[in-house]
Amino acid sequence: MSSLQVNLRGKTFPGVAQAPPHHALASIKLTITHGQFACITGPSGCGKTTLLNVLAGLDHDYDGEIHLPLISEHQQPVIGYVFQAPRLLPWRTVEQNLTLIKERSASTADVGELLSLTGLTDFCHAYPERLSTGMQRRLALARAFVVEPDLLLLDEPFASLDEPTAARLRLLLLSIWRRHSTTVIFVTHDLREAIQLGQRIIRLTGAPGKVDLDMPIPLNPAERLDTQVIEAWRTRILQPG
């Protein structure tokens, strides 16, 4: 499978009423190799979500080129997207939220296995409103993987959770990712989270967002659980120059 190629020259939202146009993104050139876990970080309003929406094909009004990682010469990749809010179907059970998505794709993923991995087997007949926020987040992850995505985009999926719950879900995400050949782009404002998860950190400046840091994070699984190692990398990244 080919790499994801990003060559954005700019993204501007038009002015509305008395508000002037908003220049969200400036020059962004990236190559994300197949199977890589890349984290995009930066200050609020720097265009992280806008960039994900462009990559997902939800926003076509930009200046530049996006070349998605082709599976073959004529086959486009399957894209999964985990939004900031879980966006579950409230009138469908946990299991139905997964099977409905699977039925609409060519996926051969095992729904039962994903329910087991996310600890939701005993809640398969429950409706989303009966789930805790953390459980809803787990279901959103399972739903993203049920389509067996070639490219998975995640937009601050753990931002609203307490730290112990978020930590468990980070480990869950890594566990599921290691079972699949999936390219992951994970947006977060939390640098420690980016270091724990990412093989690579891409930092954007304030709006209009452009890349001011692109750094590999060559940590093994044990080091990603070591708070001292993570803090050392955080200090290194934050050092000027």
# chains A, B, ... in the order shown; residues from 1 in each chain; ligands from 1
call {"tool": "select_by_dssp", "arguments": {"residues": "region 2-209 of chain A", "states": "strand (DSSP E)", "output": "PyMOL selection string"}}
result
chain A and resi 4-13+22-25+28-32+37-41+63-67+79-82+151-155+183-187+200-204
call {"tool": "select_by_dssp", "arguments": {"residues": "region 175-210 of chain A", "states": "alpha helix (DSSP H)", "output": "list in words"}}
result
Ser175, Ile176, Trp177, Arg178, Arg179, Leu191, Arg192, Glu193, Ala194, Ile195, Gln196 and Leu197 of chain A
call {"tool": "closest_residue", "arguments": {"among": "A:Asp214, A:Glu231, A:Glu223, A:Asp162", "to": "Ala38 (chain A)", "atoms": "only C-alpha atoms"}}
result
A:Asp214
call {"tool": "closest_atom_pairs", "arguments": {"of": "region 55-92 of chain A", "to": "region 96-102 of chain A", "cutoff": "8 Å", "atoms": "only C-alpha atoms", "output": "Markdown table"}}
result
| residue | atom | partner | partner_atom | distance |
| --- | --- | --- | --- | --- |
| A:Leu88 | CA | A:Asn97 | CA | 7.0 |
| A:Leu89 | CA | A:Asn97 | CA | 6.5 |
| A:Arg92 | CA | A:Gln96 | CA | 5.4 |
call {"tool": "residues_around", "arguments": {"residues": "His22 (chain A)", "least_positions_apart": "2", "cutoff": "10 Å", "atoms": "only C-alpha atoms", "output": "PDB file with N, CA, C and O atoms, in the first residue's frame"}}
result
ATOM      1  N   LYS A  11      -5.820  26.601   3.686  1.00  0.00           N
ATOM      2  CA  LYS A  11      -7.246  26.369   3.884  1.00  0.00           C
ATOM      3  C   LYS A  11      -7.815  27.594   4.583  1.00  0.00           C
ATOM      4  O   LYS A  11      -7.375  27.964   5.681  1.00  0.00           O
ATOM      5  N   THR A  12      -8.797  28.232   3.933  1.00  0.00           N
ATOM      6  CA  THR A  12      -9.412  29.438   4.474  1.00  0.00           C
ATOM      7  C   THR A  12     -10.920  29.276   4.524  1.00  0.00           C
ATOM      8  O   THR A  12     -11.543  28.844   3.543  1.00  0.00           O
ATOM      9  N   PHE A  13     -11.495  29.605   5.675  1.00  0.00           N
ATOM     10  CA  PHE A  13     -12.945  29.643   5.803  1.00  0.00           C
ATOM     11  C   PHE A  13     -13.422  31.044   5.444  1.00  0.00           C
ATOM     12  O   PHE A  13     -12.864  32.039   5.933  1.00  0.00           O
ATOM     13  N   PRO A  14     -14.436  31.164   4.593  1.00  0.00           N
ATOM     14  CA  PRO A  14     -14.896  32.495   4.181  1.00  0.00           C
ATOM     15  C   PRO A  14     -15.492  33.273   5.342  1.00  0.00           C
ATOM     16  O   PRO A  14     -15.969  32.698   6.324  1.00  0.00           O
ATOM     17  N   GLY A  15     -15.466  34.585   5.222  1.00  0.00           N
ATOM     18  CA  GLY A  15     -16.058  35.432   6.238  1.00  0.00           C
ATOM     19  C   GLY A  15     -17.573  35.280   6.273  1.00  0.00           C
ATOM     20  O   GLY A  15     -18.212  34.998   5.256  1.00  0.00           O
ATOM     21  N   VAL A  16     -18.152  35.434   7.455  1.00  0.00           N
ATOM     22  CA  VAL A  16     -19.597  35.344   7.646  1.00  0.00           C
ATOM     23  C   VAL A  16     -20.065  36.606   8.352  1.00  0.00           C
ATOM     24  O   VAL A  16     -19.516  36.979   9.401  1.00  0.00           O
ATOM     25  N   ALA A  19     -17.748  38.954  10.365  1.00  0.00           N
ATOM     26  CA  ALA A  19     -16.495  38.260  10.662  1.00  0.00           C
ATOM     27  C   ALA A  19     -15.652  38.142   9.402  1.00  0.00           C
ATOM     28  O   ALA A  19     -16.158  37.794   8.330  1.00  0.00           O
ATOM     29  N   PRO A  20     -14.348  38.406   9.505  1.00  0.00           N
ATOM     30  CA  PRO A  20     -13.466  38.287   8.340  1.00  0.00           C
ATOM     31  C   PRO A  20     -13.175  36.831   8.027  1.00  0.00           C
ATOM     32  O   PRO A  20     -13.464  35.938   8.839  1.00  0.00           O
ATOM     33  N   ALA A  24      -7.156  29.019   8.321  1.00  0.00           N
ATOM     34  CA  ALA A  24      -7.003  27.921   9.284  1.00  0.00           C
ATOM     35  C   ALA A  24      -5.684  27.189   9.130  1.00  0.00           C
ATOM     36  O   ALA A  24      -5.040  26.831  10.128  1.00  0.00           O
ATOM     37  N   LEU A  25      -5.279  26.925   7.894  1.00  0.00           N
ATOM     38  CA  LEU A  25      -4.062  26.158   7.640  1.00  0.00           C
ATOM     39  C   LEU A  25      -3.203  26.869   6.608  1.00  0.00           C
ATOM     40  O   LEU A  25      -3.717  27.474   5.662  1.00  0.00           O
ATOM     41  N   ALA A 207      -2.883  29.311  14.387  1.00  0.00           N
ATOM     42  CA  ALA A 207      -3.477  29.580  13.075  1.00  0.00           C
ATOM     43  C   ALA A 207      -2.820  30.778  12.386  1.00  0.00           C
ATOM     44  O   ALA A 207      -2.526  31.783  13.041  1.00  0.00           O
ATOM     45  N   PRO A 208      -2.592  30.677  11.065  1.00  0.00           N
ATOM     46  CA  PRO A 208      -2.851  29.477  10.267  1.00  0.00           C
ATOM     47  C   PRO A 208      -1.813  28.390  10.553  1.00  0.00           C
ATOM     48  O   PRO A 208      -0.613  28.644  10.547  1.00  0.00           O
TER      49      PRO A 208
END
call {"tool": "residues_around", "arguments": {"residues": "region 156-158 of chain A", "least_positions_apart": "5", "cutoff": "10 Å", "atoms": "only C-alpha atoms", "output": "list in words"}}
result
Ile40, Thr41, Lys48, Thr49, Val82, Phe83, Gln84, Ala85, Pro86, Thr133, Gly134, Arg137, Arg138, Ala140, Leu141, Glu163, Thr165, Ala166, Ala167, Leu169, Arg170, Phe186, Val187, Thr188, His189, Asp190 and Glu193 of chain A
call {"tool": "write_last_selection", "arguments": {"atoms": "C-alpha atoms", "output": "PDB file, in the first residue's frame"}}
result
ATOM      1  CA  ILE A  40      -0.783  15.725  15.478  1.00  0.00           C
ATOM      2  CA  THR A  41      -0.616  18.243  18.297  1.00  0.00           C
ATOM      3  CA  LYS A  48      -5.945  20.078  13.729  1.00  0.00           C
ATOM      4  CA  THR A  49      -9.612  19.105  13.244  1.00  0.00           C
ATOM      5  CA  VAL A  82     -13.458   8.731  15.607  1.00  0.00           C
ATOM      6  CA  PHE A  83     -14.877  12.175  16.333  1.00  0.00           C
ATOM      7  CA  GLN A  84     -14.573  14.228  19.513  1.00  0.00           C
ATOM      8  CA  ALA A  85     -18.105  13.096  20.417  1.00  0.00           C
ATOM      9  CA  PRO A  86     -18.867   9.345  20.062  1.00  0.00           C
ATOM     10  CA  THR A 133     -18.847   8.054  28.808  1.00  0.00           C
ATOM     11  CA  GLY A 134     -15.823   5.746  28.851  1.00  0.00           C
ATOM     12  CA  ARG A 137     -15.727   5.905  23.819  1.00  0.00           C
ATOM     13  CA  ARG A 138     -14.851   2.197  23.718  1.00  0.00           C
ATOM     14  CA  ALA A 140     -16.753   4.391  19.163  1.00  0.00           C
ATOM     15  CA  LEU A 141     -13.306   2.767  18.877  1.00  0.00           C
ATOM     16  CA  GLU A 163      -7.064  10.404  33.401  1.00  0.00           C
ATOM     17  CA  THR A 165     -10.109   6.060  32.099  1.00  0.00           C
ATOM     18  CA  ALA A 166      -8.203   7.837  29.329  1.00  0.00           C
ATOM     19  CA  ALA A 167      -5.060   5.843  30.191  1.00  0.00           C
ATOM     20  CA  LEU A 169      -8.395   3.578  26.528  1.00  0.00           C
ATOM     21  CA  ARG A 170      -4.973   4.587  25.202  1.00  0.00           C
ATOM     22  CA  PHE A 186      -4.399  10.894  16.162  1.00  0.00           C
ATOM     23  CA  VAL A 187      -5.126  14.518  17.041  1.00  0.00           C
ATOM     24  CA  THR A 188      -4.506  15.650  20.615  1.00  0.00           C
ATOM     25  CA  HIS A 189      -3.618  18.819  22.521  1.00  0.00           C
ATOM     26  CA  ASP A 190      -1.980  16.665  25.222  1.00  0.00           C
ATOM     27  CA  GLU A 193      -0.642  11.518  25.310  1.00  0.00           C
TER      28      GLU A 193
END
call {"tool": "residues_around", "arguments": {"residues": "region 2-5 of chain A", "least_positions_apart": "6", "cutoff": "9 Å", "atoms": "only C-alpha atoms", "output": "VMD selection string"}}
result
chain A and resid 29 to 34 65 to 72 151 183
call {"tool": "residues_around", "arguments": {"residues": "Gly35 (chain A)", "least_positions_apart": "6", "cutoff": "10 Å", "atoms": "only C-alpha atoms", "output": "list in words"}}
result
Met1, Ser3, Asp150, Leu151, Trp177, Arg178, His180, Ser181, Thr182, Thr183 and Val184 of chain A
call {"tool": "write_last_selection", "arguments": {"atoms": "all heavy atoms", "output": "compact mmCIF listing (two decimals), in the first residue's frame"}}
result
# COMPACT_ATOMS: atom_id res chain seq x y z
N MET A 1 0.85 -1.19 0.00
CA MET A 1 0.00 0.00 0.00
C MET A 1 0.89 1.24 0.00
O MET A 1 1.93 1.28 0.65
CB MET A 1 -0.90 0.01 1.24
CG MET A 1 -1.90 1.16 1.26
SD MET A 1 -2.91 1.16 2.76
CE MET A 1 -3.78 -0.39 2.53
N SER A 3 1.93 5.37 0.51
CA SER A 3 1.89 6.28 1.66
C SER A 3 0.81 7.34 1.46
O SER A 3 0.34 7.59 0.34
CB SER A 3 3.25 6.95 1.84
OG SER A 3 4.26 6.01 2.07
N ASP A 150 -8.10 1.20 6.53
CA ASP A 150 -6.71 1.33 6.11
C ASP A 150 -6.10 2.60 6.69
O ASP A 150 -4.90 2.68 6.92
CB ASP A 150 -6.62 1.37 4.58
CG ASP A 150 -7.29 0.17 3.94
OD1 ASP A 150 -6.82 -0.96 4.18
OD2 ASP A 150 -8.31 0.36 3.24
N LEU A 151 -6.98 3.60 6.91
CA LEU A 151 -6.57 4.87 7.50
C LEU A 151 -7.56 5.22 8.59
O LEU A 151 -8.76 5.31 8.33
CB LEU A 151 -6.54 5.97 6.43
CG LEU A 151 -6.28 7.40 6.90
CD1 LEU A 151 -4.89 7.51 7.53
CD2 LEU A 151 -6.42 8.38 5.74
N TRP A 177 -4.75 -1.49 17.57
CA TRP A 177 -3.95 -1.05 16.42
C TRP A 177 -2.88 -2.08 16.07
O TRP A 177 -2.63 -2.35 14.89
CB TRP A 177 -3.31 0.30 16.73
CG TRP A 177 -2.24 0.71 15.77
CD1 TRP A 177 -2.38 1.04 14.45
CD2 TRP A 177 -0.84 0.84 16.05
NE1 TRP A 177 -1.17 1.36 13.89
CE2 TRP A 177 -0.21 1.25 14.86
CE3 TRP A 177 -0.07 0.67 17.21
CZ2 TRP A 177 1.16 1.47 14.79
CZ3 TRP A 177 1.29 0.90 17.13
CH2 TRP A 177 1.89 1.29 15.94
N ARG A 178 -2.25 -2.68 17.09
CA ARG A 178 -1.20 -3.65 16.83
C ARG A 178 -1.72 -4.93 16.19
O ARG A 178 -0.96 -5.69 15.60
CB ARG A 178 -0.46 -3.98 18.14
CG ARG A 178 0.43 -2.83 18.61
CD ARG A 178 1.01 -3.09 19.99
NE ARG A 178 1.78 -1.93 20.45
CZ ARG A 178 1.78 -1.49 21.69
NH1 ARG A 178 1.05 -2.09 22.62
NH2 ARG A 178 2.51 -0.43 22.03
N HIS A 180 -3.97 -4.84 13.78
CA HIS A 180 -4.42 -4.49 12.43
C HIS A 180 -3.32 -3.73 11.70
O HIS A 180 -2.50 -3.05 12.30
CB HIS A 180 -5.68 -3.62 12.50
CG HIS A 180 -6.86 -4.31 13.11
ND1 HIS A 180 -6.99 -4.48 14.48
CD2 HIS A 180 -7.95 -4.88 12.56
CE1 HIS A 180 -8.11 -5.12 14.74
NE2 HIS A 180 -8.72 -5.37 13.60
N SER A 181 -3.34 -3.82 10.40
CA SER A 181 -2.40 -3.08 9.57
C SER A 181 -3.03 -1.75 9.19
O SER A 181 -3.52 -1.56 8.07
CB SER A 181 -2.04 -3.89 8.33
OG SER A 181 -1.11 -3.21 7.53
N THR A 182 -3.05 -0.83 10.14
CA THR A 182 -3.80 0.42 9.99
C THR A 182 -2.89 1.61 10.18
O THR A 182 -2.10 1.66 11.12
CB THR A 182 -4.95 0.50 11.01
OG1 THR A 182 -5.83 -0.62 10.82
CG2 THR A 182 -5.74 1.78 10.86
N THR A 183 -3.00 2.59 9.29
CA THR A 183 -2.33 3.86 9.47
C THR A 183 -3.21 4.73 10.37
O THR A 183 -4.40 4.88 10.11
CB THR A 183 -2.11 4.56 8.12
OG1 THR A 183 -1.36 3.69 7.26
CG2 THR A 183 -1.39 5.88 8.28
N VAL A 184 -2.62 5.29 11.42
CA VAL A 184 -3.39 6.07 12.39
C VAL A 184 -2.88 7.50 12.44
O VAL A 184 -1.67 7.74 12.53
CB VAL A 184 -3.30 5.44 13.81
CG1 VAL A 184 -3.98 6.35 14.84
CG2 VAL A 184 -3.93 4.06 13.83
call {"tool": "closest_residue", "arguments": {"among": "A:Pro221, A:Ala26, A:Glu103, A:Val94", "to": "Leu131 (chain A)", "atoms": "only C-alpha atoms"}}
result
A:Val94
call {"tool": "closest_residue", "arguments": {"among": "A:Leu114, A:Leu161, A:Leu152, A:Val54", "to": "Gln36 (chain A)", "atoms": "only C-alpha atoms"}}
result
A:Leu152
call {"tool": "closest_residue", "arguments": {"among": "A:Leu8, A:Leu191, A:Arg224, A:Leu197", "to": "Arg236 (chain A)", "atoms": "only C-alpha atoms"}}
result
A:Leu191
